[in-house]
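In what follows, a single structure is set out as structure tokens and then discussed.
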Amino acid sequence: MSDAPTTSVFEAQVARVRQISDVFTRVTLAGEQLAGFHPCGPLGPRDLRVKLIFPEPGGRIRVRPEATRGWFPRWRALDPAERGLLRTYTARAIRHGPGATPEVDIDFVMHGHDDESRGPGATWAAGVAEGDDVVLIGPSRAAPHPEGIEWRPPDASAAHPVQVLLTADETAVPAVASILQTLPAGYRGHAILEVPSEAEIQPMPTDSSVETVWLTRGGAPRGGALFDAVRSLPGWSPQAESRQSLPEAAAAPRTEGLMGHLFSRSRKHRPDPARRQALPEVDIDKERLWEVAAPDSESRRRYAWIAGEAATVRRLRSHLVHACGIDRHDMAFMGYWRQGMAEPN
């Protein structure tokens with residue numbers, strides 16, 4: 001086993017800030033140290049998780065951890081008043097161009113409209129300026145494979161296509177955009193994305209045949225339209241013959257090439273009672289719902305990636321596993337935030 005570090009700590013500076021919409025702000029980080037950031041290969045970062053340690057007002061960063069094995073428990077063991085603020089994000093893009101300073105894009109979701117209602121990351125992104133310092137923790141270029149990528153579908157080709165399902169609220173839209181951007185031909189299916197309003201809809205280019213469906217929440221409860229839309233999809237519903245078309249909330253917003261068969265009838269899909277799988281109970285008010293697994297056979301032709309608010313993810317988890325009888329090894333469930341609860345530092 002290699003002793004090379006899998007994670008590194010990078011000093012970076014803000015190179016650019018771009019307001020993509022009312023909800024999304026893109027901050028581009030740059031710095032010579034980022035030459036040691038893992039380029040993630042031809043498929044790019046996908047849903048790669050990175051961590052940022054934000055400076056205090058005035059620019060001071062209290063603790064710069066040493067990213068050796070076990071660094072995170074050691075950091076968590078420090079006095080919260082002394083260790084500073086750390087949050088997890090998706091690397092939206094990585095650029096290691098020859099002769100250019102390496103860059104990493106991070107898309108921030110701007111919850112709330114002021115510092116009192118925003119978290120520390122959105123507060124920092126709302127007031128950040130070019131040249132500001134930040135500490136980025138991510139995969140080391142010395143590692144054979146980057147840690148923190150959970151998107152692991154079976155290999156696909158034109159002769160052996162794979163059906164995929166991605167669902168996300170606005171917090172996971174950057175990860176879905178990154179996945180689709182480098183997803184090759186041979187994959188088909190749907191990416192169903194729930195955002196607050198039509199103003200948050202953005203281009204989602206891909207070489208795959210995955211169709212993007214945008215749902216606008218408006219004043220409706222979070223996750224309701226997303227759940228109904230998944231239940232309407234051929235192959236992901238327990239009773240396809242009794243399936244309704246996409247709900248009114250889902251049908252009204254724009255879609256990008258929504259497949260006609262989304263509304264068509266297909267053969268009834270019944271879960272096999274013999275394959276009913278036990279699901280561990282997860283108290284989403286006390287623990288994170290995080291279950292990821294790579295399909296255990298390349299012969300599998302279906303894969304789901306479910307991310308966002310924990311209550312919605314838990315509901316979809318139960319539907320796909322119990323109602324649809326889909327093997328848990330064919331799916332990733334990531335309920336990494338809870339509505340109404342602040343993320344612990």
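Residue numbers start at 1 in each chain; chains themselves are named A, B, ... in the order of the structure tokens; ligands are numbered from 1 in the order shown.
For Val195 (chain A), the list of residues within 9 Å, based on only C-alpha atoms and with local chain neighbours fewer than 6 positions off taken out, reads Ala168, Asp169, Glu170, Thr171, Val173, Ile201, Trp214, Leu215, Thr216, Arg217 and Gly218 of chain A.
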Task: Long-range neighbours of Arg62 (chain A) as number ranges by chain, 12 Å cut-off, only C-alpha atoms, 6 positions minimum in chain - done: A: 53-56, 75, 78-86, 134-135
For N, CA, C and O atoms, I'd like the residues from the last selection saved as a CSV table (one decimal), in the first residue's frame.
chain,number,residue,atom,x,y,z
A,53,ILE,N,-11.9,25.9,4.3
A,53,ILE,CA,-11.8,26.6,5.6
A,53,ILE,C,-11.8,28.1,5.3
A,53,ILE,O,-10.9,28.6,4.7
A,54,PHE,N,-12.8,28.7,5.9
A,54,PHE,CA,-13.0,30.1,5.6
A,54,PHE,C,-12.3,31.0,6.6
A,54,PHE,O,-12.2,30.7,7.8
A,55,PRO,N,-11.8,32.1,6.1
A,55,PRO,CA,-11.1,33.1,7.0
A,55,PRO,C,-12.2,33.8,7.8
A,55,PRO,O,-13.3,34.0,7.4
A,56,GLU,N,-11.7,34.3,8.9
A,56,GLU,CA,-12.5,35.2,9.7
A,56,GLU,C,-12.5,36.6,9.1
A,56,GLU,O,-11.8,36.9,8.2
A,75,TRP,N,-8.9,17.5,13.6
A,75,TRP,CA,-9.4,18.8,13.4
A,75,TRP,C,-10.7,19.0,14.2
A,75,TRP,O,-10.9,20.0,15.0
A,78,LEU,N,-10.4,19.7,18.0
A,78,LEU,CA,-10.0,21.0,18.4
A,78,LEU,C,-11.1,21.8,19.0
A,78,LEU,O,-12.3,21.5,18.7
A,79,ASP,N,-10.8,22.8,19.8
A,79,ASP,CA,-11.9,23.7,20.4
A,79,ASP,C,-12.6,24.4,19.2
A,79,ASP,O,-11.9,25.0,18.4
A,80,PRO,N,-13.9,24.2,19.1
A,80,PRO,CA,-14.7,24.8,18.0
A,80,PRO,C,-14.4,26.3,17.8
A,80,PRO,O,-14.4,26.9,16.7
A,81,ALA,N,-14.1,27.0,19.0
A,81,ALA,CA,-13.9,28.4,18.9
A,81,ALA,C,-12.5,28.8,18.3
A,81,ALA,O,-12.3,29.9,17.9
A,82,GLU,N,-11.6,27.7,18.2
A,82,GLU,CA,-10.3,28.0,17.7
A,82,GLU,C,-10.0,27.4,16.3
A,82,GLU,O,-9.1,27.9,15.6
A,83,ARG,N,-10.8,26.4,15.9
A,83,ARG,CA,-10.4,25.7,14.7
A,83,ARG,C,-11.0,26.4,13.4
A,83,ARG,O,-10.5,26.1,12.3
A,84,GLY,N,-11.9,27.4,13.6
A,84,GLY,CA,-12.4,28.1,12.4
A,84,GLY,C,-13.6,27.3,11.8
A,84,GLY,O,-14.1,26.3,12.3
A,85,LEU,N,-14.1,27.8,10.6
A,85,LEU,CA,-15.2,27.3,10.0
A,85,LEU,C,-14.9,26.5,8.7
A,85,LEU,O,-14.1,26.9,7.9
A,86,LEU,N,-15.4,25.2,8.7
A,86,LEU,CA,-15.1,24.3,7.5
A,86,LEU,C,-16.4,23.8,7.0
A,86,LEU,O,-17.3,23.5,7.7
A,134,VAL,N,-8.2,31.6,1.0
A,134,VAL,CA,-9.0,30.6,1.5
A,134,VAL,C,-8.2,29.3,1.5
A,134,VAL,O,-7.2,29.2,0.7
A,135,VAL,N,-8.5,28.3,2.4
A,135,VAL,CA,-7.8,27.1,2.4
A,135,VAL,C,-8.8,26.0,1.8
A,135,VAL,O,-9.9,25.9,2.2
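Computed from the coordinates, the CA of Asp155 (chain A) to CA of Arg231 (chain A) distance equals 25.5 Å.
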- [ ] For Pro174 (chain A), list every protein, DNA or RNA residue within 9 Å, evaluated using only C-alpha atoms, and leave out those in the same chain fewer than 5 positions away; present the list as JSON, numbers by chain.
- [x] {"A": [47, 90, 91, 92, 106, 107, 108, 179]}
How would the residues just picked look written out with all heavy atoms as a short mmCIF file (atom, residue, chain, number, x, y, z; two decimals), in the first residue's frame?
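So the final result, stored in selection21.cif, reads:
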data_model
loop_
_atom_site.label_atom_id
_atom_site.label_comp_id
_atom_site.auth_asym_id
_atom_site.auth_seq_id
_atom_site.Cartn_x
_atom_site.Cartn_y
_atom_site.Cartn_z
N ASP A 47 -18.82 14.32 -8.97
CA ASP A 47 -19.40 14.85 -7.74
C ASP A 47 -18.34 14.95 -6.64
O ASP A 47 -18.65 14.78 -5.45
CB ASP A 47 -20.59 14.02 -7.27
CG ASP A 47 -20.23 12.55 -7.02
OD1 ASP A 47 -19.13 12.13 -7.43
OD2 ASP A 47 -21.05 11.83 -6.42
N THR A 90 -18.81 20.86 -3.74
CA THR A 90 -18.45 20.11 -4.94
C THR A 90 -17.50 20.95 -5.78
O THR A 90 -17.72 22.15 -5.96
CB THR A 90 -19.71 19.80 -5.78
OG1 THR A 90 -20.57 18.96 -5.02
CG2 THR A 90 -19.34 19.09 -7.07
N ALA A 91 -16.46 20.29 -6.29
CA ALA A 91 -15.57 20.96 -7.24
C ALA A 91 -16.27 20.97 -8.60
O ALA A 91 -16.37 19.94 -9.26
CB ALA A 91 -14.24 20.23 -7.34
N ARG A 92 -16.78 22.12 -9.00
CA ARG A 92 -17.56 22.20 -10.24
C ARG A 92 -16.68 22.02 -11.47
O ARG A 92 -17.12 21.43 -12.48
CB ARG A 92 -18.27 23.57 -10.30
CG ARG A 92 -19.08 23.82 -11.55
CD ARG A 92 -20.22 22.84 -11.68
NE ARG A 92 -20.96 23.08 -12.90
CZ ARG A 92 -20.59 22.65 -14.10
NH1 ARG A 92 -19.48 21.94 -14.22
NH2 ARG A 92 -21.32 22.89 -15.16
N ILE A 106 -15.94 26.57 -7.60
CA ILE A 106 -16.88 26.11 -6.59
C ILE A 106 -18.17 26.90 -6.77
O ILE A 106 -18.15 28.14 -6.79
CB ILE A 106 -16.36 26.33 -5.15
CG1 ILE A 106 -14.95 25.74 -4.97
CG2 ILE A 106 -17.35 25.75 -4.14
CD1 ILE A 106 -14.89 24.25 -4.95
N ASP A 107 -19.30 26.21 -6.92
CA ASP A 107 -20.60 26.88 -7.01
C ASP A 107 -21.25 26.86 -5.63
O ASP A 107 -21.46 25.79 -5.04
CB ASP A 107 -21.50 26.19 -8.02
CG ASP A 107 -21.12 26.49 -9.46
OD1 ASP A 107 -20.15 27.26 -9.66
OD2 ASP A 107 -21.79 25.98 -10.37
N PHE A 108 -21.59 28.05 -5.13
CA PHE A 108 -22.23 28.20 -3.82
C PHE A 108 -23.73 28.41 -4.01
O PHE A 108 -24.15 29.14 -4.91
CB PHE A 108 -21.65 29.40 -3.07
CG PHE A 108 -20.24 29.20 -2.60
CD1 PHE A 108 -19.17 29.37 -3.47
CD2 PHE A 108 -19.98 28.85 -1.28
CE1 PHE A 108 -17.87 29.19 -3.04
CE2 PHE A 108 -18.67 28.66 -0.84
CZ PHE A 108 -17.62 28.83 -1.72
N ILE A 179 -21.26 16.07 -13.36
CA ILE A 179 -21.38 14.68 -13.83
C ILE A 179 -21.79 14.64 -15.29
O ILE A 179 -21.18 13.95 -16.12
CB ILE A 179 -22.40 13.92 -12.96
CG1 ILE A 179 -21.83 13.64 -11.57
CG2 ILE A 179 -22.81 12.60 -13.63
CD1 ILE A 179 -22.86 13.15 -10.57
#
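Using only C-alpha atoms, the shortest contact distance between Asp285 (chain A) and any of A:Thr182, A:Arg317, A:Trp337, A:Leu48 is found at A:Trp337.
Our summary of the geometry notes that CA of Cys40 (chain A) is positioned 6.3 Å from CA of Pro146 (chain A).
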Open item on the list: Report as a ChimeraX atom specification all protein, DNA and RNA residues lying within 8 Å of Val128 (chain A), evaluated on only C-alpha atoms, omitting residues in the same chain fewer than 3 positions from it.
Closed with: /A:14,17,124-125,132
Restricting it to N, CA, C and O atoms, dump the selection as a PDB file, in the first residue's frame.
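Saved file selection32.pdb follows:
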ATOM      1  N   VAL A  14      -8.931  33.870  -4.337  1.00  0.00           N
ATOM      2  CA  VAL A  14     -10.098  34.075  -5.194  1.00  0.00           C
ATOM      3  C   VAL A  14      -9.643  34.795  -6.459  1.00  0.00           C
ATOM      4  O   VAL A  14      -9.085  35.891  -6.397  1.00  0.00           O
ATOM      5  N   VAL A  17     -15.310  36.024  -9.228  1.00  0.00           N
ATOM      6  CA  VAL A  17     -16.616  35.745  -8.628  1.00  0.00           C
ATOM      7  C   VAL A  17     -17.669  36.044  -9.683  1.00  0.00           C
ATOM      8  O   VAL A  17     -17.685  37.134 -10.264  1.00  0.00           O
ATOM      9  N   TRP A 124     -19.680  33.988   3.217  1.00  0.00           N
ATOM     10  CA  TRP A 124     -18.359  34.285   2.660  1.00  0.00           C
ATOM     11  C   TRP A 124     -18.447  34.573   1.170  1.00  0.00           C
ATOM     12  O   TRP A 124     -17.871  35.556   0.685  1.00  0.00           O
ATOM     13  N   ALA A 125     -19.192  33.742   0.427  1.00  0.00           N
ATOM     14  CA  ALA A 125     -19.300  33.936  -1.021  1.00  0.00           C
ATOM     15  C   ALA A 125     -19.994  35.246  -1.368  1.00  0.00           C
ATOM     16  O   ALA A 125     -19.681  35.866  -2.389  1.00  0.00           O
ATOM     17  N   ASP A 132      -8.825  37.465  -2.157  1.00  0.00           N
ATOM     18  CA  ASP A 132      -9.032  36.949  -0.802  1.00  0.00           C
ATOM     19  C   ASP A 132      -8.469  35.529  -0.686  1.00  0.00           C
ATOM     20  O   ASP A 132      -8.526  34.747  -1.637  1.00  0.00           O
TER      21      ASP A 132
END
- [ ] Quote the spacing between CA of Asp105 (chain A) and CA of Glu130 (chain A) in Å to one decimal place.
- [x] 13.6 Å
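When only C-alpha atoms are used to compute distances to His319 (chain A), the closest of the residues A:Ala159, A:Met334, A:Gln277, A:Gly36 turns out to be A:Gln277.
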Open item on the list: From a backbone DSSP assignment, name each residue in region 76-241 of chain A labelled alpha helix (DSSP H), as a ChimeraX atom specification.
Closed with: /A:76,80-83,120-127,173-182,224-231
